[in-house]
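Peer 1: This is final.txt, which holds compact mmCIF, C-alpha atoms and all ligand atoms:
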# COMPACT_ATOMS: atom_id res chain seq x y z
CA MET A 1 40.45 0.85 -7.87
CA ALA A 2 37.62 -0.47 -10.02
CA ASP A 3 34.55 -1.97 -8.47
CA ALA A 4 34.44 -4.89 -10.88
CA GLY A 5 34.56 -8.49 -9.80
CA LEU A 6 32.34 -8.50 -6.75
CA THR A 7 28.60 -8.74 -6.91
CA PRO A 8 26.68 -7.66 -3.83
CA ALA A 9 25.02 -10.55 -2.03
CA THR A 10 21.87 -9.86 -0.09
CA ASP A 11 21.18 -12.39 2.58
CA VAL A 12 17.85 -11.76 4.17
CA ALA A 13 17.50 -14.12 7.09
CA ALA A 14 14.23 -13.96 8.98
CA THR A 15 14.09 -15.85 12.25
CA PRO A 16 11.15 -18.20 11.88
CA SER A 17 9.01 -18.60 14.91
CA PRO A 18 6.72 -21.62 15.09
CA ALA A 19 4.24 -20.15 17.55
CA PHE A 20 2.76 -16.71 17.89
CA THR A 21 1.51 -14.54 20.70
CA GLU A 22 -1.99 -13.13 20.42
CA ASN A 23 -2.45 -9.43 21.04
CA VAL A 24 -6.15 -9.53 21.86
CA THR A 25 -8.23 -7.06 19.87
CA PRO A 26 -10.81 -5.35 22.09
CA ALA A 27 -14.32 -6.61 21.35
CA GLY A 28 -16.16 -4.40 18.89
CA GLY A 29 -19.80 -3.60 18.60
CA LYS A 30 -21.84 -6.81 18.82
CA ASP A 31 -22.51 -8.70 15.63
CA GLY A 32 -25.93 -8.64 14.03
CA LEU A 33 -28.41 -5.92 14.68
CA ILE A 34 -26.91 -2.97 16.55
CA ALA A 35 -29.70 -0.89 17.92
CA CYS A 36 -29.18 2.69 19.01
CA ILE A 37 -29.08 2.69 22.84
CA SER A 38 -31.28 5.74 22.81
CA CYS A 39 -34.06 4.88 20.34
CA GLY A 40 -33.50 1.33 19.08
CA ALA A 41 -32.99 2.24 15.40
CA SER A 42 -30.23 0.45 13.41
CA GLU A 43 -29.47 3.29 10.98
CA VAL A 44 -26.01 4.56 11.91
CA THR A 45 -23.84 7.00 10.00
CA TYR A 46 -20.23 7.96 10.64
CA ASN A 47 -19.02 11.55 10.68
CA ALA A 48 -15.30 11.41 9.83
CA ALA A 49 -14.66 15.06 10.69
CA LYS A 50 -15.96 14.57 14.24
CA GLY A 51 -14.84 10.93 14.65
CA MET A 52 -18.36 10.10 15.83
CA PHE A 53 -21.08 7.61 14.95
CA ARG A 54 -24.57 9.01 14.87
CA CYS A 55 -28.04 7.51 14.96
CA ALA A 56 -29.83 8.69 11.84
CA PHE A 57 -33.13 8.89 13.72
CA CYS A 58 -32.60 10.37 17.18
CA ARG A 59 -29.14 11.91 16.48
CA HIS A 60 -27.57 10.23 19.48
CA GLU A 61 -23.75 10.31 19.00
CA TRP A 62 -20.90 8.13 20.25
CA ALA A 63 -17.15 8.13 19.56
CA ASP A 64 -15.03 5.60 17.68
CA VAL A 65 -12.20 3.81 19.54
CA LYS A 66 -8.60 4.46 18.44
CA LEU A 67 -6.89 1.11 17.95
CA ASP A 68 -3.41 2.43 18.75
CA ASP A 69 -4.48 3.52 22.24
CA ALA A 70 -6.66 0.47 22.86
CA MET A 71 -3.93 -2.03 21.91
CA GLY A 72 -0.74 -0.14 22.75
CA LEU A 73 0.52 -0.45 19.19
CA SER A 74 3.11 2.33 19.48
CA HIS A 75 4.76 0.89 22.57
CA GLY A 76 7.16 -1.93 23.38
CA ILE A 77 8.60 -2.45 19.89
CA GLY A 78 12.06 -3.03 21.43
CA GLU A 79 10.69 -5.86 23.56
CA LEU A 80 8.99 -7.73 20.72
CA THR A 81 10.16 -11.34 20.29
CA GLY A 82 8.74 -13.87 17.84
CA THR A 83 5.51 -13.13 16.05
CA THR A 84 2.69 -11.23 17.73
CA LEU A 85 -0.67 -11.23 15.95
CA SER A 86 -3.73 -9.26 16.84
CA SER A 87 -6.89 -11.38 16.97
CA ASN A 88 -8.03 -10.51 13.45
CA ALA A 89 -4.58 -10.90 11.87
CA MET A 90 -4.56 -14.62 12.61
CA ASP A 91 -4.52 -17.16 9.81
CA ILE A 92 -7.52 -17.48 7.54
CA ALA A 93 -9.39 -20.66 8.43
CA SER A 94 -12.09 -20.69 5.76
CA ASP A 95 -12.47 -19.56 2.20
CA GLU A 96 -16.22 -19.20 2.40
CA ALA A 97 -17.20 -15.62 1.60
CA LEU A 98 -20.93 -15.96 2.30
CA VAL A 99 -21.87 -15.63 5.95
CA THR A 100 -25.42 -16.27 7.11
CA MET A 101 -26.68 -14.25 10.05
CA LYS A 102 -29.92 -14.56 11.94
CA CYS A 103 -31.68 -11.21 12.16
CA THR A 104 -32.39 -10.50 15.82
CA GLY A 105 -35.11 -8.11 14.74
CA CYS A 106 -37.36 -10.66 13.05
CA GLY A 107 -35.57 -14.02 13.05
CA ALA A 108 -35.03 -14.15 9.28
CA GLU A 109 -31.76 -15.43 7.82
CA VAL A 110 -29.65 -12.81 6.06
CA VAL A 111 -26.69 -13.63 3.83
CA VAL A 112 -23.69 -11.27 3.79
CA ASN A 113 -21.16 -11.54 0.96
CA THR A 114 -18.01 -10.71 2.91
CA ASP A 115 -15.95 -10.42 -0.29
CA ASN A 116 -17.38 -6.89 -0.66
CA THR A 117 -19.09 -5.87 2.53
CA LEU A 118 -19.62 -6.57 6.22
CA GLN A 119 -23.12 -5.21 6.43
CA ALA A 120 -26.48 -6.23 5.01
CA ARG A 121 -30.04 -5.12 5.33
CA CYS A 122 -32.67 -7.59 6.42
CA HIS A 123 -35.21 -7.78 3.58
CA TRP A 124 -38.04 -8.39 6.00
CA CYS A 125 -37.69 -5.94 8.86
CA LYS A 126 -35.28 -3.53 7.11
CA HIS A 127 -32.83 -3.48 10.02
CA THR A 128 -29.12 -3.26 9.19
CA LEU A 129 -27.00 -6.23 10.33
CA SER A 130 -23.25 -5.87 10.93
CA ILE A 131 -20.26 -8.19 11.32
CA ASN A 132 -17.80 -6.51 13.70
CA ASN A 133 -15.81 -9.38 15.20
CA ARG A 134 -13.46 -12.07 13.93
CA ILE A 135 -14.80 -14.61 11.45
CA GLY A 136 -12.74 -17.44 9.96
CA ASN A 137 -12.40 -16.05 6.43
CA GLY A 138 -10.22 -13.02 7.21
CA ALA A 139 -12.84 -10.47 6.14
CA VAL A 140 -13.06 -8.65 9.48
CA PRO A 141 -9.99 -6.55 10.34
CA ASP A 142 -8.84 -5.21 13.70
CA GLY A 143 -8.94 -1.64 12.56
CA ILE A 144 -10.15 0.69 9.85
CA LEU A 145 -9.11 4.13 8.71
CA PRO A 146 -12.30 5.98 7.74
CA PHE A 147 -12.62 7.92 4.49
CA THR A 148 -12.20 11.69 4.94
CA ILE A 149 -11.92 12.56 1.24
CA THR A 150 -15.46 12.79 -0.09
CA LYS A 151 -16.70 11.35 -3.37
CA GLN A 152 -17.00 14.88 -4.80
CA GLN A 153 -13.35 15.62 -3.91
CA ALA A 154 -12.18 12.30 -5.37
CA MET A 155 -14.15 12.93 -8.59
CA ALA A 156 -12.52 16.34 -8.92
CA SER A 157 -9.05 14.81 -8.36
CA ILE A 158 -9.39 12.15 -11.04
CA SER A 159 -10.90 14.62 -13.51
CA GLU A 160 -7.89 16.86 -13.04
CA PHE A 161 -5.53 13.87 -13.28
CA ALA A 162 -7.09 12.63 -16.53
CA GLY A 163 -7.40 16.18 -17.89
CA LYS A 164 -3.67 16.76 -17.59
CA ARG A 165 -2.96 13.58 -19.56
CA LYS A 166 -5.26 14.19 -22.53
CA THR A 167 -2.67 14.20 -25.32
CA PHE A 168 -2.17 10.46 -25.78
CA GLN A 169 -5.34 9.23 -24.15
CA HIS A 170 -7.10 6.29 -25.76
CA PRO A 171 -10.20 7.81 -27.44
CA GLU A 172 -12.40 5.13 -25.87
CA PHE A 173 -11.18 6.14 -22.41
CA THR A 174 -11.85 9.82 -23.10
CA ALA A 175 -15.32 9.10 -24.47
CA SER A 176 -16.39 6.87 -21.57
CA PHE A 177 -14.75 8.83 -18.74
CA LYS A 178 -17.39 9.28 -16.04
CA PRO A 179 -15.82 10.39 -12.76
CA GLU A 180 -19.07 9.65 -10.91
CA ASN A 181 -18.33 5.93 -11.42
CA ILE A 182 -15.50 6.15 -8.87
CA MET A 183 -15.92 3.72 -5.98
CA GLY A 184 -14.88 3.96 -2.35
CA VAL A 185 -13.19 0.69 -1.41
CA TYR A 186 -11.65 -0.33 1.89
CA MET A 187 -8.55 -2.33 0.95
CA PRO A 188 -6.96 -4.96 3.23
CA TYR A 189 -3.47 -4.32 4.60
CA MET A 190 -1.45 -5.24 7.66
CA THR A 191 0.51 -2.80 9.74
CA VAL A 192 3.75 -4.32 11.00
CA ASP A 193 6.02 -3.24 13.83
CA GLY A 194 9.51 -4.74 13.74
CA ASN A 195 12.23 -5.20 16.34
CA ILE A 196 15.19 -5.93 14.09
CA SER A 197 18.94 -5.80 13.93
CA ALA A 198 20.87 -5.46 10.68
CA LYS A 199 24.49 -6.00 9.68
CA LEU A 200 25.97 -4.57 6.51
CA ASP A 201 29.49 -5.21 5.22
CA GLY A 202 31.13 -3.74 2.18
CA VAL A 203 33.79 -1.52 0.70
CA GLY A 204 33.93 2.28 0.81
CA GLU A 205 36.10 4.49 -1.36
CA THR A 206 37.56 7.97 -0.90
CA LEU A 207 39.13 9.99 -3.71
CA THR A 208 42.75 10.95 -3.02
CA LYS A 209 44.00 12.43 -6.30
CA THR A 210 42.67 13.32 -9.78
CA VAL A 211 45.12 13.44 -12.69
CA ARG A 212 43.81 15.13 -15.85
CA ARG A 213 45.81 14.42 -19.01
CA GLU A 214 45.60 16.00 -22.43
CA LYS A 215 43.92 13.74 -25.00
CA GLN A 216 44.05 10.85 -22.52
CA PRO A 217 41.50 9.54 -20.02
CA THR A 218 41.58 11.14 -16.58
CA ILE A 219 43.09 9.00 -13.82
CA TYR A 220 41.39 8.85 -10.42
CA HIS A 221 43.31 7.64 -7.38
CA ALA A 222 41.12 6.29 -4.62
CA ARG A 223 41.64 4.53 -1.31
CA GLN A 224 39.47 1.54 -0.38
CA PHE A 225 38.24 0.75 3.11
CA LYS A 226 36.43 -2.20 4.58
CA VAL A 227 33.17 -0.82 5.96
CA GLY A 228 30.90 -2.58 8.45
CA ARG A 229 27.78 -1.38 10.21
CA THR A 230 25.51 -3.08 12.72
CA LEU A 231 22.36 -1.46 13.98
CA ASP A 232 19.23 -2.12 16.00
CA LEU A 233 16.03 -0.72 14.59
CA HIS A 234 12.52 -0.34 15.95
CA ILE A 235 10.18 -0.01 13.00
CA ASP A 236 6.70 1.33 13.67
CA ASP A 237 3.75 0.77 11.34
CA LEU A 238 5.14 -0.51 8.08
CA ILE A 239 2.19 -1.09 5.70
CA VAL A 240 2.00 -4.41 3.81
CA GLU A 241 -0.63 -5.54 1.27
CA THR A 242 -2.72 -8.57 2.15
CA SER A 243 -4.75 -8.95 -1.01
CA SER A 244 -2.83 -11.39 -3.19
CA ASP A 245 -3.95 -10.01 -6.56
CA LYS A 246 -2.66 -6.58 -5.45
CA VAL A 247 0.73 -7.90 -4.37
CA ASP A 248 1.53 -9.79 -7.58
CA ILE A 249 1.94 -7.19 -10.23
CA HIS A 250 0.35 -8.64 -13.35
CA SER A 251 0.81 -5.61 -15.51
CA ASP A 252 -0.56 -7.53 -18.49
CA THR A 253 -3.98 -7.90 -16.88
CA SER A 254 -4.33 -4.92 -14.58
CA THR A 255 -2.58 -1.87 -13.24
CA ASN A 256 -3.80 -2.18 -9.67
CA ASN A 257 -0.29 -1.86 -8.27
CA ILE A 258 -1.27 1.81 -8.63
CA ILE A 259 -3.03 1.40 -5.29
CA ASN A 260 0.30 1.06 -3.49
CA ALA A 261 1.51 4.24 -5.14
CA VAL A 262 -0.97 6.32 -3.11
CA LEU A 263 0.57 5.29 0.24
CA PRO A 264 1.16 6.49 2.96
CA PHE A 265 -1.76 6.61 5.33
CA ASP A 266 -1.98 8.21 8.79
CA VAL A 267 -2.25 4.82 10.48
CA LYS A 268 -2.13 6.27 14.02
CA ASN A 269 -5.74 7.36 13.45
CA ILE A 270 -6.99 3.84 12.74
CA ALA A 271 -10.15 3.05 14.68
CA ARG A 272 -11.38 -0.28 16.08
CA PHE A 273 -13.29 -1.84 13.18
CA ASP A 274 -17.01 -1.31 13.05
CA ALA A 275 -19.11 -2.29 10.04
CA ASN A 276 -20.93 1.05 10.28
CA PHE A 277 -17.84 2.69 8.78
CA LEU A 278 -18.81 0.99 5.50
CA GLY A 279 -22.41 2.13 5.50
CA THR A 280 -24.10 2.05 2.12
CA GLU A 281 -21.44 4.14 0.37
CA TYR A 282 -18.35 1.94 0.66
CA THR A 283 -17.40 -1.63 -0.09
CA SER A 284 -14.62 -3.66 1.50
CA GLU A 285 -12.24 -6.18 0.02
CA ARG A 286 -11.57 -9.41 1.91
CA ARG A 287 -8.01 -10.20 3.02
CA ASP A 288 -6.74 -13.43 1.43
CA MET A 289 -3.13 -13.45 2.66
CA ASP A 290 -1.85 -14.62 6.03
CA VAL A 291 1.08 -13.16 7.90
CA LYS A 292 3.36 -15.97 6.68
CA HIS A 293 2.68 -14.90 3.07
CA ALA A 294 3.17 -11.20 3.74
CA GLU A 295 6.30 -11.73 5.87
CA SER A 296 8.83 -11.77 3.03
CA TYR A 297 7.56 -8.38 1.76
CA ALA A 298 7.95 -6.96 5.28
CA VAL A 299 11.50 -8.30 5.65
CA GLN A 300 12.51 -6.77 2.29
CA HIS A 301 11.15 -3.42 3.49
CA PHE A 302 13.02 -3.77 6.81
CA MET A 303 16.27 -4.24 4.85
CA THR A 304 15.57 -1.17 2.72
CA ILE A 305 14.91 0.88 5.87
CA ALA A 306 18.16 -0.40 7.48
CA ARG A 307 20.18 0.47 4.35
CA GLY A 308 18.73 3.98 4.43
CA ALA A 309 19.40 4.32 8.16
CA VAL A 310 23.17 3.74 7.79
CA GLN A 311 23.48 6.13 4.84
CA SER A 312 24.37 9.23 6.86
CA SER A 313 27.11 7.35 8.75
CA VAL A 314 28.99 6.51 5.53
CA SER A 315 28.74 9.91 3.83
CA GLY A 316 32.51 10.40 4.42
CA TYR A 317 33.23 7.91 1.65
CA ASP A 318 32.95 10.40 -1.18
CA ARG A 319 33.15 7.74 -3.91
CA GLY A 320 30.41 5.75 -2.21
CA VAL A 321 30.00 2.43 -0.43
CA ARG A 322 29.21 -0.88 -2.03
CA TRP A 323 27.47 -3.30 0.36
CA ASP A 324 28.64 -6.83 -0.40
CA SER A 325 26.58 -8.54 2.26
CA GLU A 326 23.44 -7.53 4.10
CA HIS A 327 21.85 -9.47 6.96
CA VAL A 328 18.67 -8.66 8.78
CA ASN A 329 17.76 -10.47 11.97
CA VAL A 330 14.10 -10.14 12.78
CA LYS A 331 13.84 -10.47 16.56
CA GLY A 332 10.16 -9.73 16.78
CA THR A 333 7.19 -8.51 14.74
CA ARG A 334 3.69 -7.37 15.61
CA TRP A 335 0.92 -7.55 13.03
CA THR A 336 -2.49 -5.88 12.88
CA ALA A 337 -5.09 -6.36 10.14
CA VAL A 338 -6.57 -3.12 8.85
CA LEU A 339 -8.74 -1.71 6.08
CA LEU A 340 -7.49 1.47 4.38
CA PRO A 341 -9.65 3.82 2.29
CA VAL A 342 -9.03 4.12 -1.47
CA TRP A 343 -11.22 5.74 -4.14
CA LEU A 344 -10.89 3.65 -7.31
CA TYR A 345 -11.79 4.41 -10.89
CA GLY A 346 -11.44 1.48 -13.28
CA PHE A 347 -11.35 1.28 -17.06
CA VAL A 348 -11.13 -1.96 -19.05
CA GLU A 349 -9.06 -1.77 -22.19
CA THR A 350 -9.15 -4.52 -24.80
CA LYS A 351 -5.76 -4.86 -26.40
CA LYS A 352 -5.02 -7.61 -28.94
CA GLY A 353 -7.98 -9.59 -27.59
CA LYS A 354 -6.72 -9.29 -24.01
CA GLN A 355 -8.40 -7.26 -21.30
CA ILE A 356 -6.34 -4.90 -19.18
CA THR A 357 -7.94 -3.01 -16.30
CA HIS A 358 -6.48 0.43 -15.72
CA TYR A 359 -6.99 2.14 -12.39
CA ILE A 360 -6.83 5.66 -11.08
CA ALA A 361 -6.61 5.61 -7.28
CA VAL A 362 -7.15 8.40 -4.78
CA ASN A 363 -5.92 8.07 -1.19
CA GLY A 364 -9.11 8.35 0.91
CA ARG A 365 -7.31 10.33 3.62
CA ASN A 366 -5.00 12.84 1.94
CA GLY A 367 -6.37 12.94 -1.61
CA TYR A 368 -3.10 11.86 -3.21
CA VAL A 369 -3.87 10.59 -6.71
CA MET A 370 -2.04 8.15 -8.97
CA GLY A 371 -3.19 6.26 -11.99
CA SER A 372 -2.71 4.48 -15.25
CA ILE A 373 -4.49 5.80 -18.31
CA PRO A 374 -4.68 3.73 -21.50
CA ILE A 375 -2.86 5.45 -24.31
CA ASN A 376 -3.49 5.74 -27.98
CA THR A 377 -0.47 3.70 -29.07
CA LYS A 378 -0.54 4.91 -32.70
CA LYS A 379 -0.38 8.56 -31.65
CA ALA A 380 2.24 7.83 -28.98
CA ARG A 381 4.40 5.90 -31.48
CA THR A 382 4.54 8.83 -33.89
CA VAL A 383 5.72 11.06 -31.08
CA CYS A 384 8.30 8.45 -30.07
CA TRP A 385 9.78 8.57 -33.56
CA ILE A 386 10.05 12.34 -33.51
CA VAL A 387 11.73 12.24 -30.11
CA THR A 388 14.16 9.57 -31.31
CA ILE A 389 15.17 11.60 -34.33
CA VAL A 390 15.74 14.79 -32.34
CA VAL A 391 17.71 12.95 -29.68
CA SER A 392 19.85 11.24 -32.33
CA LEU A 393 20.76 14.55 -33.90
CA ILE A 394 21.95 15.85 -30.57
CA THR A 395 23.81 12.78 -29.40
CA TRP A 396 25.70 11.93 -32.60
CA PRO A 397 28.11 14.89 -32.62
CA MET A 398 28.82 14.31 -28.94
CA ALA A 399 29.55 10.65 -29.59
CA LEU A 400 31.99 11.68 -32.29
CA GLY A 401 33.65 14.03 -29.83
CA VAL A 402 34.26 11.17 -27.43
CA VAL A 403 35.86 9.07 -30.15
CA LEU A 404 38.18 11.86 -31.22
CA PHE A 405 39.27 13.31 -27.92
CA GLY A 406 38.37 10.78 -25.20
ZN ZN B 1 -31.31 6.57 18.00
ZN ZN B 2 -35.08 -8.79 10.17
Take the structure I supplied and represent it as structure tokens, if you would.
Ligand SMILES: [Zn+2]
Ligand SMILES: [Zn+2]
Peer 2:
Amino acid sequence: MADAGLTPATDVAATPSPAFTENVTPAGGKDGLIACISCGASEVTYNAAKGMFRCAFCRHEWADVKLDDAMGLSHGIGELTGTTLSSNAMDIASDEALVTMKCTGCGAEVVVNTDNTLQARCHWCKHTLSINNRIGNGAVPDGILPFTITKQQAMASISEFAGKRKTFQHPEFTASFKPENIMGVYMPYMTVDGNISAKLDGVGETLTKTVRREKQPTIYHARQFKVGRTLDLHIDDLIVETSSDKVDIHSDTSTNNIINAVLPFDVKNIARFDANFLGTEYTSERRDMDVKHAESYAVQHFMTIARGAVQSSVSGYDRGVRWDSEHVNVKGTRWTAVLLPVWLYGFVETKKGKQITHYIAVNGRNGYVMGSIPINTKKARTVCWIVTIVVSLITWPMALGVVLFG
């Protein structure tokens, strides 16, 4: 009856595909100086509420392009075979962050540091230059989800978040807390669609009889069944990190895994990338991971989704099911490179000579907030002791009870 002896084996087998199919990303606004078609100015702002770009001078407006419609990203998941990459999700060919552009306004050379932005102002003629289409270093995505949560809203969220956690806060954090230092950052991710099949095999148990005995352990009688499930799944828009220092969780140097805790995002509203979404207010982080590096994370998520999907079909086993083997066969995947909006507040704590960066993150679409706040360890330790003592007082008599009557 006991479950001992067998350890569940997870066998995650992705089908490697040597080649890939390109899902061509529609061409964006031209690179360099984008002049307003109406007046020729290059000052463009984006109005997230209306989904429109607007010329700051003549107020001419034009709409953004939804990537999902333009590339058919919600369709044909069941027909996917091998790896399909959109144009900007292809492998990174160069590590060079600095891109030099020739200003079409005056002919001067303008350097753009694509580690943080995809726009720059020409120092000479003051026109704004944009990079909207694929460059070798992975900085330009296919799509972008514009910020809808304003800086004011994000500042209010983190103030409330920090305010609720005042008790153990590190005094240095409390003293230096300036919500206005929050920054709007577009973070690199990939959205993945998966055409997968999964096979799970294990043992399920149902309870048949319970025998309660005086001063003796209760005996449970259960029946065991071999349980197997196979299923085909079409997974739409899984979100995977493509910034390597965000994927590896180095909790001793930073707490930026917080950023993943503010998922999800309404990815169906992603627009074709345009550098004007960044404007002067936001920065962007450059993608440094290719699909082959992000693939294993996606496959793990596929397995988790498959396990969840079979759950309702095994609810009849009232003592549960133990999966001894799990296989996922990835028939096809489709990848799109995107930038997602996150408000970030950082605080550097020096602890035993080591620097740890704590982050509070706010989802730039729905305002969901999550964060790590450095604590005053001395104060927290005192409280820990008190809790331990109280808990011990409660648990000891119960432990005695078990010894005497169990
Ligand atoms: Zn104009
Ligand atoms: Zn110029």
Peer 1: Taking all atoms listed in the file and a cut-off of 12 Å, can you tell me which residues surround ligand ZN 1 (chain B), written as a VMD selection string?
Peer 2: chain A and resid 34 to 45 53 to 62
Peer 1: Those residues with C-alpha atoms, as a tab-separated table (two decimals), in the frame of the given file please?
Peer 2:
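Saved to result-v2.tsv:
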chain	number	residue	atom	x	y	z
A	34	ILE	CA	-26.91	-2.97	16.55
A	35	ALA	CA	-29.70	-0.89	17.92
A	36	CYS	CA	-29.18	2.69	19.01
A	37	ILE	CA	-29.08	2.69	22.84
A	38	SER	CA	-31.28	5.74	22.81
A	39	CYS	CA	-34.06	4.88	20.34
A	40	GLY	CA	-33.50	1.33	19.08
A	41	ALA	CA	-32.99	2.24	15.40
A	42	SER	CA	-30.23	0.45	13.41
A	43	GLU	CA	-29.47	3.29	10.98
A	44	VAL	CA	-26.01	4.56	11.91
A	45	THR	CA	-23.84	7.00	10.00
A	53	PHE	CA	-21.08	7.61	14.95
A	54	ARG	CA	-24.57	9.01	14.87
A	55	CYS	CA	-28.04	7.51	14.96
A	56	ALA	CA	-29.83	8.69	11.84
A	57	PHE	CA	-33.13	8.89	13.72
A	58	CYS	CA	-32.60	10.37	17.18
A	59	ARG	CA	-29.14	11.91	16.48
A	60	HIS	CA	-27.57	10.23	19.48
A	61	GLU	CA	-23.75	10.31	19.00
A	62	TRP	CA	-20.90	8.13	20.25
Peer 1: Using only C-alpha atoms and all ligand atoms, determine which residues fall within 8 Å of ligand ZN 2 (chain B), then list them as a list in words.
Peer 2: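 Checked against 8 Å with only C-alpha atoms and all ligand atoms; the hits are Lys102, Cys103, Thr104, Gly105, Cys106, Gly107, Ala108, Glu109, Val110, Arg121, Cys122, His123, Trp124, Cys125, Lys126 and His127 of chain A.
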Peer 1: My list of candidates is A:Pro146, A:Gly138, A:Gly184, A:Pro26. Which is closest to Asn269 of chain A when distances are computed with only C-alpha atoms?
Peer 2: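 Distance minimum relative to Asn269 of chain A lands on A:Pro146.
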Peer 1: Excluding Ala298 of chain A and its own-chain neighbours fewer than 3 positions away, which residues fall within 8 Å of it when counting all atoms listed in the file? Please give them as a PyMOL selection string.
Peer 2: chain A and resi 192+238+240+294-295+301-302
Peer 1: What is the atom CA of Lys199 of chain A-atom CA of Val310 of chain A distance in Å, reported with one decimal?
Peer 2: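 Distance reported for this atom pair: 10.0 Å.
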Peer 1: Could you list, as a list in words, every residue within 9 Å of Asp236 of chain A, counting all atoms listed in the file and ignoring same-chain residues fewer than 6 positions away?
Peer 2: Leu73, Ser74, Ile77, Thr191, Val192, Asp193, Gly194 and Asn195 of chain A
Peer 1: Quick one, how far is atom CA of Gly332 of chain A from atom CA of Ala198 of chain A?
Peer 2: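 Value for the atom CA of Gly332 of chain A-atom CA of Ala198 of chain A distance: 13.0 Å.
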Peer 1: Which of these, A:Thr230, A:Val111, A:Val338, A:Asn132, has the shortest distance to Arg286 of chain A once you count only C-alpha atoms?
Peer 2: A:Val338
Peer 1: Got a sec to check which residues sit within 12 Å of (-4.1, 12.0, -3.7), counting all atoms listed in the file, and write them as number ranges by chain?
Peer 2: A: 148-150, 153-158, 160-161, 258-265, 341-344, 360-371
Peer 1: Under the rule that all atoms listed in the file are counted, which of A:Asp68, A:Lys292, A:His327, A:Lys151 is the nearest residue to Ala19 of chain A?
Peer 2: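 Among the listed residues, the smallest separation from Ala19 of chain A belongs to A:Lys292.
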Peer 1: Taking 2 positions as the minimum chain separation for residues in the same chain, which residues sit within 10 Å of Tyr189 of chain A when counting only C-alpha atoms? Answer as number ranges by chain.
Peer 2: A: 89, 141, 144, 186-187, 191-192, 239-243, 286-287, 289, 294, 336-340
Peer 1: Applying 10 Å and only C-alpha atoms, which residues near Ile305 of chain A remain after dropping the ones on its own chain fewer than 6 positions away? List them as a PyMOL selection string.
Peer 2: chain A and resi 198+233+235+299
Peer 1: Can you work out which one of A:Phe20, A:Tyr46, A:Trp323, A:Phe173 has the shortest atom-to-atom distance to His358 of chain A, counting all atoms listed in the file?
Peer 2: A:Phe173
Peer 1: Taking 5 positions as the minimum chain separation for residues in the same chain, which residues sit within 9 Å of Val24 of chain A when counting all atoms listed in the file? Answer as JSON, numbers by chain.
Peer 2: {"A": [71, 85, 86, 87, 88]}
Peer 1: Which is closer to Gln152 of chain A than all the others in A:Arg212, A:Asp318, A:Glu180, A:Thr84, using only C-alpha atoms?
Peer 2: A:Glu180
Peer 1: Compare A:Arg307, A:Arg134, A:Arg223, A:Lys164 by their minimum atom-to-atom distance to Asp201 of chain A, counting only C-alpha atoms, and give me the closest one.
Peer 2: A:Arg307
Peer 1: Rounded to one decimal in Å, what is the spacing between atom CA of Gly204 of chain A and atom CA of Phe225 of chain A?
Peer 2: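 If I compute the distance from atom CA of Gly204 of chain A to atom CA of Phe225 of chain A, I get 5.1 Å.
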Peer 1: Report the centre and edge lengths, in Å to one decimal, of an axis-aligned box enclosing every atom of segment 344-357 of chain A listed in the file, padded by 3 Å on each side, as lines of an AutoDock Vina configuration file.
Peer 2:
center_x = -8.4
center_y = -2.6
center_z = -18.1
size_x = 12.8
size_y = 20.0
size_z = 27.6
